[in-house]
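Text of entry-v1.cif (mmCIF, C-alpha atoms and all ligand atoms) as supplied:
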data_input
#
loop_
_atom_site.label_atom_id
_atom_site.label_comp_id
_atom_site.auth_asym_id
_atom_site.auth_seq_id
_atom_site.Cartn_x
_atom_site.Cartn_y
_atom_site.Cartn_z
CA MET J 27 20.92 -1.87 3.12
CA ALA J 28 24.27 -0.22 2.50
CA GLU J 29 24.75 3.07 0.71
CA PRO J 30 23.11 2.87 -2.69
CA THR J 31 25.50 1.44 -5.21
CA ILE J 32 23.48 2.25 -8.28
CA THR J 33 24.67 5.23 -10.31
CA PRO J 34 22.55 7.10 -12.88
CA SER J 35 24.40 5.40 -15.72
CA LEU J 36 23.90 1.95 -14.18
CA GLN J 37 20.24 2.71 -13.70
CA LEU J 38 19.86 3.83 -17.31
CA LYS J 39 21.47 0.58 -18.35
CA ALA J 40 19.00 -1.40 -16.23
CA LEU J 41 16.19 0.62 -17.77
CA GLN J 42 17.42 -0.08 -21.32
CA THR J 43 17.71 -3.78 -20.56
CA THR J 44 14.23 -3.99 -19.04
CA VAL J 45 12.47 -2.01 -21.77
CA SER J 46 14.22 -3.89 -24.58
CA TYR J 47 13.37 -7.19 -22.90
CA ALA J 48 9.68 -6.27 -22.57
CA PHE J 49 9.62 -5.16 -26.22
CA GLU J 50 11.21 -8.40 -27.36
CA PHE J 51 9.12 -10.86 -25.39
CA SER J 52 5.76 -9.35 -24.45
CA PRO J 53 3.13 -9.31 -27.22
CA PHE J 54 1.59 -6.23 -25.60
CA TYR J 55 4.83 -4.23 -25.62
CA GLN J 56 5.64 -5.38 -29.16
CA ARG J 57 2.55 -3.45 -30.25
CA HIS J 58 2.72 -0.71 -27.63
CA LEU J 59 6.35 0.30 -28.24
CA LYS J 60 6.49 -0.43 -31.96
CA GLY J 61 8.55 2.21 -33.79
CA LYS J 62 9.17 4.09 -30.54
CA LEU J 63 12.33 2.39 -29.35
CA SER J 64 15.87 3.04 -30.51
CA GLU J 65 18.84 0.98 -29.40
CA GLY J 66 20.75 2.47 -26.45
CA PHE J 67 18.04 5.08 -25.88
CA SER J 68 18.68 8.05 -23.59
CA LEU J 69 16.75 9.06 -20.51
CA GLU J 70 15.07 11.78 -22.56
CA ASP J 71 13.98 9.18 -25.13
CA TYR J 72 12.64 7.02 -22.29
CA LYS J 73 10.51 9.89 -21.06
CA GLN J 74 8.81 10.04 -24.47
CA LEU J 75 7.69 6.40 -24.32
CA PRO J 76 3.93 5.82 -23.92
CA PHE J 77 2.59 5.04 -20.46
CA THR J 78 1.16 1.69 -19.46
CA THR J 79 -2.17 2.07 -17.68
CA LYS J 80 -4.10 -0.18 -15.32
CA GLU J 81 -6.66 -0.57 -18.10
CA ASP J 82 -3.93 -1.83 -20.47
CA LEU J 83 -2.88 -4.39 -17.90
CA SER J 84 -6.39 -5.64 -17.21
CA THR J 85 -7.58 -5.59 -20.84
CA HIS J 86 -4.47 -7.26 -22.31
CA ASN J 87 -3.47 -9.10 -19.17
CA ASP J 88 -1.87 -12.23 -20.64
CA ALA J 89 -0.21 -10.31 -23.48
CA PHE J 90 2.19 -8.87 -20.88
CA LEU J 91 3.66 -12.30 -20.15
CA CYS J 92 7.25 -12.60 -21.39
CA VAL J 93 8.03 -16.26 -20.69
CA PRO J 94 6.57 -19.63 -21.72
CA ARG J 95 3.86 -20.73 -19.27
CA ASN J 96 5.96 -23.57 -17.93
CA GLU J 97 8.45 -21.03 -16.56
CA ILE J 98 5.86 -19.40 -14.32
CA ALA J 99 6.66 -20.19 -10.68
CA GLU J 100 3.94 -18.13 -8.95
CA TYR J 101 0.57 -16.84 -10.10
CA VAL J 102 -0.43 -13.77 -8.12
CA THR J 103 -3.28 -11.32 -8.50
CA THR J 104 -3.64 -7.69 -7.58
CA SER J 105 -5.82 -6.91 -4.59
CA GLY J 106 -8.22 -5.05 -6.86
CA THR J 107 -8.44 -1.80 -4.87
CA THR J 108 -10.06 -0.38 -7.95
CA GLY J 109 -11.55 -2.51 -10.70
CA GLU J 110 -11.08 -6.19 -11.44
CA PRO J 111 -8.06 -8.04 -10.10
CA VAL J 112 -5.37 -8.75 -12.70
CA SER J 113 -2.81 -11.54 -12.85
CA LEU J 114 0.93 -11.12 -12.53
CA TYR J 115 3.22 -14.04 -13.34
CA LEU J 116 6.48 -14.56 -11.50
CA THR J 117 9.38 -16.72 -12.58
CA LYS J 118 11.81 -18.31 -10.18
CA ASN J 119 14.12 -15.32 -10.65
CA ASP J 120 11.23 -12.96 -9.95
CA LEU J 121 10.76 -14.72 -6.62
CA GLN J 122 14.46 -14.09 -5.93
CA ARG J 123 13.89 -10.43 -6.78
CA LEU J 124 10.93 -10.37 -4.40
CA ALA J 125 13.05 -11.87 -1.63
CA LYS J 126 15.80 -9.30 -2.22
CA ASN J 127 13.22 -6.54 -2.22
CA GLU J 128 11.86 -7.47 1.17
CA PHE J 129 15.31 -8.24 2.56
CA ASP J 130 16.36 -4.70 1.61
CA SER J 131 13.14 -3.28 2.96
CA LEU J 132 13.35 -5.03 6.35
CA SER J 133 17.07 -4.20 6.64
CA LEU J 134 16.30 -0.53 5.98
CA MET J 135 14.05 -0.63 9.05
CA GLY J 136 16.93 -1.94 11.14
CA SER J 137 15.73 -5.57 11.21
CA THR J 138 18.34 -8.28 11.68
CA SER J 139 18.56 -12.06 11.74
CA HIS J 140 17.90 -11.85 15.48
CA ASP J 141 14.37 -10.57 14.93
CA ILE J 142 11.27 -12.73 15.08
CA PHE J 143 8.42 -11.59 12.85
CA GLN J 144 4.73 -12.33 13.28
CA LEU J 145 2.90 -12.15 9.96
CA LEU J 146 -0.66 -10.85 10.34
CA THR J 147 -1.46 -10.79 6.63
CA THR J 148 -2.78 -13.37 4.22
CA ILE J 149 -0.15 -15.55 2.58
CA ASP J 150 -2.48 -17.57 0.36
CA LYS J 151 -5.28 -16.48 -2.01
CA GLN J 152 -2.65 -15.46 -4.61
CA PHE J 153 -1.67 -12.51 -2.38
CA MET J 154 1.82 -11.19 -3.08
CA ALA J 155 2.56 -9.18 0.06
CA GLY J 156 2.39 -12.11 2.47
CA LEU J 157 4.59 -14.18 0.18
CA ALA J 158 7.06 -11.31 -0.23
CA TYR J 159 7.42 -10.93 3.54
CA TYR J 160 7.81 -14.66 3.94
CA LEU J 161 10.68 -14.70 1.42
CA GLY J 162 12.26 -11.54 2.82
CA VAL J 163 12.28 -12.79 6.40
CA GLN J 164 13.86 -16.06 5.26
CA GLU J 165 16.47 -14.12 3.25
CA LEU J 166 17.23 -12.10 6.38
CA GLY J 167 17.73 -15.29 8.37
CA ALA J 168 15.17 -14.16 10.95
CA GLY J 169 12.27 -16.14 12.42
CA LEU J 170 8.70 -16.04 11.15
CA ILE J 171 5.35 -16.88 12.70
CA ARG J 172 2.54 -17.03 10.16
CA ILE J 173 -0.69 -16.33 12.00
CA GLY J 174 -2.52 -14.58 9.18
CA PRO J 175 -5.11 -11.81 9.47
CA GLY J 176 -7.70 -11.23 12.19
CA VAL J 177 -8.47 -13.10 15.43
CA PRO J 178 -6.84 -10.93 18.14
CA GLN J 179 -6.89 -13.81 20.61
CA LEU J 180 -4.72 -16.03 18.38
CA GLN J 181 -2.35 -13.13 17.75
CA TRP J 182 -1.89 -12.52 21.47
CA ASN J 183 -1.50 -16.21 22.28
CA SER J 184 1.37 -16.31 19.82
CA ILE J 185 2.91 -13.01 20.94
CA LEU J 186 2.98 -14.19 24.55
CA LYS J 187 4.30 -17.65 23.67
CA ASN J 188 6.69 -17.01 20.73
CA LYS J 189 7.79 -13.48 21.66
CA PRO J 190 8.00 -11.85 18.22
CA THR J 191 9.90 -8.56 18.08
CA ARG J 192 8.18 -7.23 14.98
CA LEU J 193 4.67 -7.52 13.58
CA ILE J 194 3.79 -7.21 9.89
CA ALA J 195 0.24 -5.91 9.80
CA VAL J 196 -2.45 -3.60 8.53
CA PRO J 197 -2.18 -0.75 11.07
CA SER J 198 -5.92 -0.46 11.75
CA PHE J 199 -5.77 -4.04 13.01
CA ILE J 200 -3.16 -3.00 15.58
CA VAL J 201 -5.88 -0.82 17.10
CA ALA J 202 -8.03 -3.95 17.45
CA LEU J 203 -5.07 -5.75 19.07
CA ILE J 204 -4.66 -2.98 21.63
CA ASP J 205 -8.41 -2.95 22.39
CA TYR J 206 -8.40 -6.71 22.87
CA ALA J 207 -5.39 -6.54 25.18
CA VAL J 208 -7.02 -3.83 27.30
CA GLU J 209 -10.33 -5.71 27.53
CA ASN J 210 -8.63 -8.95 28.48
CA GLY J 211 -6.03 -7.66 30.89
CA ILE J 212 -3.03 -8.55 28.71
CA ASP J 213 0.14 -6.72 29.76
CA TYR J 214 0.77 -5.51 26.23
CA GLN J 215 3.04 -2.65 27.28
CA ASN J 216 5.63 -5.17 28.42
CA SER J 217 5.26 -7.56 25.50
CA SER J 218 8.13 -8.59 23.22
CA VAL J 219 6.82 -6.42 20.34
CA GLU J 220 9.13 -3.52 19.47
CA ALA J 221 7.88 -2.43 16.06
CA VAL J 222 5.22 -2.90 13.40
CA VAL J 223 5.85 -3.02 9.67
CA CYS J 224 2.68 -1.32 8.46
CA ILE J 225 1.15 -2.29 5.14
CA GLY J 226 -1.88 -1.21 3.14
CA GLU J 227 -2.80 1.96 5.01
CA PRO J 228 -0.98 5.23 5.65
CA ILE J 229 0.01 6.04 9.23
CA ARG J 230 1.33 9.50 8.42
CA ASN J 231 0.02 12.86 7.31
CA ASP J 232 1.43 14.63 4.28
CA ASP J 233 3.92 16.43 6.57
CA LEU J 234 5.14 12.98 7.72
CA THR J 235 3.85 13.36 11.30
CA TYR J 236 1.65 10.51 12.53
CA ASN J 237 -1.95 10.73 11.29
CA THR J 238 -4.87 9.91 13.56
CA LEU J 239 -4.38 6.17 13.02
CA GLY J 240 -0.63 6.37 13.70
CA LYS J 241 -1.23 8.47 16.81
CA ARG J 242 -3.97 6.21 18.04
CA ILE J 243 -1.51 3.32 18.03
CA THR J 244 1.58 5.08 19.39
CA ASP J 245 -0.35 7.02 22.07
CA ASN J 246 -1.55 3.73 23.47
CA TRP J 247 1.37 1.41 22.86
CA ASP J 248 5.05 2.28 23.12
CA ILE J 249 6.17 0.68 19.85
CA ASP J 250 7.80 1.88 16.66
CA LEU J 251 5.88 2.02 13.37
CA PHE J 252 7.38 1.75 9.88
CA SER J 253 5.45 2.82 6.79
CA THR J 254 5.65 1.00 3.49
CA TYR J 255 4.18 1.57 0.07
CA ALA J 256 3.99 -1.31 -2.36
CA SER J 257 1.86 -2.91 -5.01
CA THR J 258 1.64 -6.29 -6.68
CA GLU J 259 2.34 -4.72 -10.07
CA MET J 260 5.63 -3.20 -8.86
CA GLY J 261 6.72 -6.35 -7.08
CA ALA J 262 8.71 -4.08 -4.82
CA ALA J 263 8.19 -1.87 -1.79
CA PHE J 264 9.12 1.64 -0.78
CA SER J 265 10.04 1.52 2.91
CA GLU J 266 10.80 3.92 5.71
CA CYS J 267 14.25 3.93 7.24
CA GLU J 268 14.76 4.76 10.89
CA ALA J 269 14.78 8.50 10.05
CA LYS J 270 11.09 8.26 9.03
CA GLN J 271 11.35 10.91 6.34
CA GLY J 272 9.34 9.14 3.67
CA CYS J 273 9.60 5.68 2.13
CA HIS J 274 12.84 5.04 0.23
CA LEU J 275 12.82 3.89 -3.38
CA ASN J 276 14.72 0.65 -4.01
CA GLU J 277 16.73 1.86 -7.02
CA ASP J 278 17.89 -1.62 -7.93
CA LEU J 279 14.33 -2.76 -8.53
CA LEU J 280 12.30 0.19 -9.75
CA PHE J 281 12.74 3.29 -11.89
CA LEU J 282 10.56 6.06 -10.48
CA GLU J 283 8.90 9.11 -11.96
CA VAL J 284 6.46 11.34 -10.08
CA LEU J 285 4.45 13.27 -12.64
CA ASP J 286 2.02 16.18 -12.67
CA GLU J 287 -1.17 16.37 -14.75
CA ASN J 288 0.89 17.28 -17.83
CA GLY J 289 3.30 14.40 -17.48
CA GLN J 290 6.09 16.62 -16.15
CA GLU J 291 8.30 15.52 -13.26
CA VAL J 292 7.32 17.33 -10.03
CA LYS J 293 9.94 18.98 -7.79
CA HIS J 294 11.19 17.97 -4.35
CA GLY J 295 8.33 18.30 -1.86
CA GLU J 296 5.60 18.35 -4.51
CA SER J 297 3.01 15.69 -5.20
CA GLY J 298 2.14 13.84 -8.36
CA GLU J 299 1.23 10.45 -9.77
CA ILE J 300 3.68 7.61 -9.14
CA VAL J 301 4.89 6.03 -12.41
CA VAL J 302 7.30 3.09 -12.33
CA THR J 303 9.24 0.76 -14.56
CA THR J 304 10.04 -2.57 -12.93
CA LEU J 305 13.75 -3.41 -13.27
CA GLY J 306 14.89 -6.99 -13.71
CA VAL J 307 11.42 -8.57 -13.89
CA GLU J 308 11.14 -11.63 -16.16
CA GLY J 309 7.49 -12.68 -16.01
CA THR J 310 5.37 -9.54 -16.24
CA PRO J 311 7.61 -6.48 -16.58
CA LEU J 312 5.94 -3.07 -16.72
CA VAL J 313 7.21 0.02 -18.54
CA ARG J 314 6.20 3.50 -17.36
CA TYR J 315 3.29 2.04 -15.43
CA LYS J 316 0.85 4.61 -14.08
CA THR J 317 -0.07 3.44 -10.60
CA GLY J 318 -2.89 5.93 -10.14
CA ASP J 319 -1.45 6.69 -6.69
CA ILE J 320 -0.73 10.29 -5.73
CA ALA J 321 2.09 11.09 -3.28
CA THR J 322 4.70 13.70 -2.43
CA VAL J 323 8.27 13.00 -3.54
CA TYR J 324 11.37 13.98 -1.53
CA ARG J 325 14.57 14.11 -3.54
CA GLU J 326 17.01 15.72 -1.15
CA LYS J 327 19.35 13.42 0.78
CA CYS J 328 17.76 11.68 3.77
CA SER J 329 19.28 12.21 7.22
CA CYS J 330 20.12 8.48 7.21
CA GLY J 331 22.67 9.26 4.49
CA ARG J 332 20.91 7.51 1.64
CA THR J 333 20.30 9.48 -1.53
CA SER J 334 17.43 7.46 -3.03
CA PRO J 335 14.19 9.45 -3.52
CA ARG J 336 11.47 8.97 -0.91
CA LEU J 337 7.68 9.05 -1.10
CA GLY J 338 5.29 10.49 1.44
CA PRO J 339 2.02 8.73 2.26
CA ILE J 340 -0.43 8.11 -0.57
CA ILE J 341 -2.68 11.14 -0.62
CA GLY J 342 -5.23 9.36 -2.74
CA ARG J 343 -5.88 7.27 -5.78
CA LYS J 344 -6.89 9.00 -8.96
CA LYS J 345 -9.73 6.49 -9.32
CA GLN J 346 -11.03 7.02 -5.78
CA MET J 347 -11.59 10.74 -6.06
CA ILE J 348 -15.07 11.38 -4.75
CA LYS J 349 -17.00 14.33 -6.13
CA PHE J 350 -19.35 15.30 -3.34
CA LYS J 351 -21.49 18.41 -3.25
CA GLY J 352 -19.03 20.41 -5.32
CA THR J 353 -15.86 19.31 -3.48
CA THR J 354 -13.32 16.63 -4.22
CA ILE J 355 -12.63 14.20 -1.40
CA TYR J 356 -10.23 11.28 -1.16
CA PRO J 357 -11.34 8.36 1.03
CA LYS J 358 -8.35 8.94 3.31
CA ALA J 359 -9.79 12.30 4.41
CA ILE J 360 -12.96 10.50 5.54
CA TYR J 361 -10.96 7.78 7.33
CA ASP J 362 -8.94 10.46 9.13
CA VAL J 363 -12.11 12.05 10.49
CA LEU J 364 -13.56 8.74 11.69
CA GLU J 365 -10.32 7.41 13.13
CA HIS J 366 -10.00 10.55 15.22
CA PHE J 367 -12.68 9.16 17.55
CA GLN J 368 -11.74 6.45 20.06
CA GLU J 369 -15.45 5.60 20.24
CA ILE J 370 -15.48 4.43 16.62
CA SER J 371 -14.00 0.95 16.48
CA CYS J 372 -15.30 0.11 13.00
CA TYR J 373 -16.96 1.86 10.10
CA LYS J 374 -17.74 1.43 6.46
CA VAL J 375 -18.04 4.09 3.78
CA LEU J 376 -20.45 3.56 0.89
CA VAL J 377 -20.14 5.69 -2.23
CA ASN J 378 -22.68 5.59 -5.04
CA LYS J 379 -23.53 7.80 -7.96
CA ASP J 380 -26.91 9.47 -8.32
CA GLU J 381 -28.73 10.03 -11.65
CA LEU J 382 -26.75 13.21 -12.20
CA GLY J 383 -23.39 11.48 -11.80
CA ASN J 384 -22.68 13.01 -8.40
CA ASP J 385 -21.31 10.80 -5.63
CA ASN J 386 -23.35 10.18 -2.51
CA ILE J 387 -21.50 9.21 0.64
CA THR J 388 -23.06 7.11 3.39
CA ILE J 389 -21.07 6.24 6.49
CA LEU J 390 -22.11 3.16 8.45
CA LEU J 391 -21.41 3.26 12.17
CA GLU J 392 -22.22 1.01 15.10
CA LYS J 393 -25.77 1.26 16.44
CA LYS J 394 -24.56 2.14 19.96
CA LEU J 395 -23.25 5.52 18.73
CA GLU J 396 -26.59 6.66 17.34
CA ASN J 397 -27.85 8.74 20.25
CA GLN J 398 -24.51 9.55 21.82
CA PRO J 399 -23.14 13.10 22.17
CA VAL J 400 -20.06 11.95 20.20
CA PHE J 401 -22.22 11.71 17.08
CA ASN J 402 -22.58 15.50 17.08
CA GLU J 403 -18.80 15.79 17.35
CA ILE J 404 -18.39 13.41 14.40
CA LYS J 405 -20.72 15.57 12.32
CA ALA J 406 -18.94 18.74 13.38
CA LEU J 407 -15.49 17.36 12.53
CA SER J 408 -16.79 16.10 9.16
CA LYS J 409 -18.05 19.57 8.41
CA SER J 410 -14.78 21.27 9.31
CA LYS J 411 -12.43 18.72 7.70
CA LEU J 412 -14.44 17.57 4.68
CA ARG J 413 -16.43 20.79 4.36
CA VAL J 414 -19.59 18.71 3.96
CA VAL J 415 -21.53 16.31 6.17
CA PRO J 416 -22.15 12.90 4.61
CA LYS J 417 -25.18 10.76 5.46
CA PHE J 418 -24.81 8.47 8.48
CA ASP J 419 -26.53 5.13 9.04
CA PHE J 420 -26.33 2.96 12.14
CA ILE J 421 -26.30 -0.83 12.21
CA GLU J 422 -25.53 -3.58 14.68
CA ALA J 423 -21.80 -4.03 15.39
CA ASP J 424 -21.72 -7.71 14.34
CA LYS J 425 -23.38 -6.98 11.03
CA LEU J 426 -21.09 -4.02 10.39
CA ARG J 427 -17.96 -6.07 11.11
CA GLY J 428 -19.27 -8.74 8.76
CA MET J 429 -19.47 -6.14 6.01
CA ILE J 430 -15.90 -4.96 6.62
CA TYR J 431 -14.08 -8.25 7.28
CA GLN J 432 -15.49 -10.44 4.54
CA LYS J 433 -14.15 -13.95 4.29
CA HIS J 434 -13.52 -13.87 0.54
CA LEU J 435 -11.56 -10.58 0.71
CA ARG J 436 -7.91 -10.36 1.65
CA LYS J 437 -8.17 -6.91 3.19
CA PRO J 438 -10.82 -5.25 5.32
CA GLU J 439 -13.24 -3.43 3.03
CA LYS J 440 -13.52 0.06 4.51
CA ILE J 441 -15.07 1.62 1.45
CA LYS J 442 -17.33 0.38 -1.31
CA PHE J 443 -18.01 2.15 -4.59
CA THR J 444 -21.15 1.27 -6.52
CA ASN J 445 -22.22 2.98 -9.70
ZN ZN G 1 16.51 7.45 5.12
#
Transcribe the structure of this file into structure tokens.
Ligand SMILES: [Zn+2]
Amino acid sequence: MAEPTITPSLQLKALQTTVSYAFEFSPFYQRHLKGKLSEGFSLEDYKQLPFTTKEDLSTHNDAFLCVPRNEIAEYVTTSGTTGEPVSLYLTKNDLQRLAKNEFDSLSLMGSTSHDIFQLLTTIDKQFMAGLAYYLGVQELGAGLIRIGPGVPQLQWNSILKNKPTRLIAVPSFIVALIDYAVENGIDYQNSSVEAVVCIGEPIRNDDLTYNTLGKRITDNWDIDLFSTYASTEMGAAFSECEAKQGCHLNEDLLFLEVLDENGQEVKHGESGEIVVTTLGVEGTPLVRYKTGDIATVYREKCSCGRTSPRLGPIIGRKKQMIKFKGTTIYPKAIYDVLEHFQEISCYKVLVNKDELGNDNITILLEKKLENQPVFNEIKALSKSKLRVVPKFDFIEADKLRGMIYQKHLRKPEKIKFTN
């Protein structure tokens, strides 16, 4: 991607166009923005508009649609990290926007038409990410191998035969790939793979150094990792450039606010909730959509020369805050503890509420760890990092994997909330 071409006035214009369009064509926004919109509104006026919440989108799902049904080209659903999945409808132009988004994103990471990508994510099941990468790689003029998720053996067969330069994957699965290569004597250090485009999970700490997962991969395999942050609702991704100083906003496609508890914009280096308006979307545009995701925003110019704001890793989701024995914990803090240990190759976190409304945390680990010295280390690290020790249960590895990698789910289920 070249230097950003979008100026504040151009972006305001895009914002005005998008908001007016949503107001004109979406039954939801006709009600939601009634009496609140003036023609040629200013940025200050925009910041007074009501938010759109996840609940709005799931409760009034089809009332967001702005086009006649016969103009829908793709029906996608959200992955349902929290709550029920909702539908998003894409027109042909929205698919173009998606292709541009991923073209920009892959270019930002230094990808070119000479790259060959191996896609380790789902492309069916109404999943947007796989489709977006497919379109983006085609737009880039690069090659694509669609293997899909799981099955390390298939992945390696293809890597050795087709020689992809870049993988698109959930980073925790890269750990499984490394383990498989080690166990089966595959010379993975000299493979064709140069980099991984990481989706779905953070690989960095808040200070942008590699977290335990990121370290676990790069300590064992000399490859480059790129973070991304995206969601189906946004239909766009924030992606790391080669400077790795946070994920850049694509200013052509999204208008970003990062807000504190009082709805005020946070400063450079501070964290808040990510709120976006999708620019140029025809099917299901969103205005001031509260993602529920908390991250740090960096507004000063990146060392790559680009001036677009960047986001740090997602610290947590508002909905996934766990209240445990008087402290607040985000799932990521638990993952970080568990992923610190090489001995833990899979785990599942169960969270349920007791009669008093407090959360109970149970961590399921493989049976073979039960009487190992490492278990004491796991408890000790939990105590120091989480300030509490959750309950641990041990079950057979096969059964545990079955609970994490469920056939009907598009992503591994590392945590389950039950009320
Ligand atoms: Zn940069």
| request: Return the single residue from J:Val93, J:Val400, J:Leu193, J:Cys372 that is closest to J:Ile171, with distances computed using all atoms listed in the file. | output: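 Distance minimum relative to J:Ile171 lands on J:Leu193.
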Set the cut-off to 12 Å, count only C-alpha atoms and all ligand atoms, and list whatever residues fall near ligand ZN 1 (chain G) as a compact mmCIF listing (two decimals) with C-alpha atoms, in the coordinates of the input.
# COMPACT_ATOMS: atom_id res chain seq x y z
CA MET J 27 20.92 -1.87 3.12
CA ALA J 28 24.27 -0.22 2.50
CA GLU J 29 24.75 3.07 0.71
CA PRO J 30 23.11 2.87 -2.69
CA SER J 131 13.14 -3.28 2.96
CA SER J 133 17.07 -4.20 6.64
CA LEU J 134 16.30 -0.53 5.98
CA MET J 135 14.05 -0.63 9.05
CA GLY J 136 16.93 -1.94 11.14
CA PHE J 252 7.38 1.75 9.88
CA PHE J 264 9.12 1.64 -0.78
CA SER J 265 10.04 1.52 2.91
CA GLU J 266 10.80 3.92 5.71
CA CYS J 267 14.25 3.93 7.24
CA GLU J 268 14.76 4.76 10.89
CA ALA J 269 14.78 8.50 10.05
CA LYS J 270 11.09 8.26 9.03
CA GLN J 271 11.35 10.91 6.34
CA GLY J 272 9.34 9.14 3.67
CA CYS J 273 9.60 5.68 2.13
CA HIS J 274 12.84 5.04 0.23
CA LEU J 275 12.82 3.89 -3.38
CA ASN J 276 14.72 0.65 -4.01
CA TYR J 324 11.37 13.98 -1.53
CA ARG J 325 14.57 14.11 -3.54
CA GLU J 326 17.01 15.72 -1.15
CA LYS J 327 19.35 13.42 0.78
CA CYS J 328 17.76 11.68 3.77
CA SER J 329 19.28 12.21 7.22
CA CYS J 330 20.12 8.48 7.21
CA GLY J 331 22.67 9.26 4.49
CA ARG J 332 20.91 7.51 1.64
CA THR J 333 20.30 9.48 -1.53
CA SER J 334 17.43 7.46 -3.03
CA PRO J 335 14.19 9.45 -3.52
CA ARG J 336 11.47 8.97 -0.91
CA LEU J 337 7.68 9.05 -1.10
Give me the stretch 303-344 of chain J side of the contact with stretch 348-351 of chain J, cut-off 12 Å, one line per residue showing its nearest atom pair and distance in Å at one decimal, counting all atoms listed in the file, sorted by chain and residue number, as a tab-separated table.
residue	atom	partner	partner_atom	distance
J:Gly342	CA	J:Ile348	CA	10.2
J:Arg343	CA	J:Ile348	CA	10.1
J:Lys344	CA	J:Ile348	CA	9.5
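Between J:Glu70 and the candidates J:Leu38, J:Val163, J:Val222, J:Ala125, the tightest atom-to-atom separation, counting all atoms listed in the file, involves J:Leu38.
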| task | Considering all atoms listed in the file, return as JSON, numbers by chain whatever protein or nucleic-acid residues lie within 10 Å of stretch 137-150 of chain J, sequence-local ones (same chain, fewer than 3 positions apart) excluded. | result | {"J": [102, 129, 130, 131, 132, 133, 134, 153, 154, 155, 156, 157, 158, 159, 160, 163, 164, 165, 166, 167, 168, 169, 170, 171, 172, 173, 174, 175, 176, 177, 178, 181, 184, 185, 188, 189, 190, 191, 192, 193, 194, 195, 196, 199, 200, 218, 219, 220, 221, 222, 223, 225, 435, 436, 437]}
Per residue of stretch 246-285 of chain J within 9 Å of stretch 228-232 of chain J, record the nearest atom pair and its distance in Å to one decimal, counting all atoms listed in the file, with rows in chain order and ascending residue number, as a tab-separated table.
residue	atom	partner	partner_atom	distance
J:Leu251	CA	J:Ile229	CA	8.2
J:Phe252	CA	J:Ile229	CA	8.6
J:Ser253	CA	J:Ile229	CA	6.8
J:Thr254	CA	J:Pro228	CA	8.2
J:Tyr255	CA	J:Pro228	CA	8.4
| Quick one: residues within 9 Å of J:Gln37, only C-alpha atoms counted, chain neighbours fewer than 4 positions away excluded, as a VMD selection string? | chain J and resid 32 to 33 41 to 42 277 to 278 281 305
Could you please fill out stretch 362-373 of chain J with N, CA and C atoms and send it back as a compact mmCIF listing (two decimals), in the frame of the given file?
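Output contents, as saved in part-v9.txt:
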# COMPACT_ATOMS: atom_id res chain seq x y z
N ASP J 362 -9.61 9.66 8.10
CA ASP J 362 -8.94 10.46 9.13
C ASP J 362 -9.94 11.05 10.12
N VAL J 363 -11.08 11.50 9.60
CA VAL J 363 -12.11 12.05 10.49
C VAL J 363 -12.61 10.96 11.43
N LEU J 364 -12.96 9.80 10.89
CA LEU J 364 -13.56 8.74 11.69
C LEU J 364 -12.57 8.15 12.69
N GLU J 365 -11.31 8.04 12.26
CA GLU J 365 -10.32 7.41 13.13
C GLU J 365 -9.86 8.35 14.24
N HIS J 366 -10.29 9.59 14.15
CA HIS J 366 -10.00 10.55 15.22
C HIS J 366 -10.72 10.18 16.51
N PHE J 367 -11.84 9.44 16.38
CA PHE J 367 -12.68 9.16 17.55
C PHE J 367 -12.41 7.76 18.11
N GLN J 368 -11.97 7.72 19.37
CA GLN J 368 -11.74 6.45 20.06
C GLN J 368 -13.02 5.61 20.08
N GLU J 369 -14.16 6.30 20.12
CA GLU J 369 -15.45 5.60 20.24
C GLU J 369 -15.78 4.78 19.00
N ILE J 370 -15.19 5.16 17.87
CA ILE J 370 -15.48 4.43 16.62
C ILE J 370 -14.48 3.30 16.47
N SER J 371 -14.95 2.05 16.63
CA SER J 371 -14.00 0.95 16.48
C SER J 371 -14.11 0.33 15.09
N CYS J 372 -15.20 0.56 14.39
CA CYS J 372 -15.30 0.11 13.00
C CYS J 372 -16.29 0.97 12.24
N TYR J 373 -16.07 1.04 10.94
CA TYR J 373 -16.96 1.86 10.10
C TYR J 373 -16.86 1.37 8.68
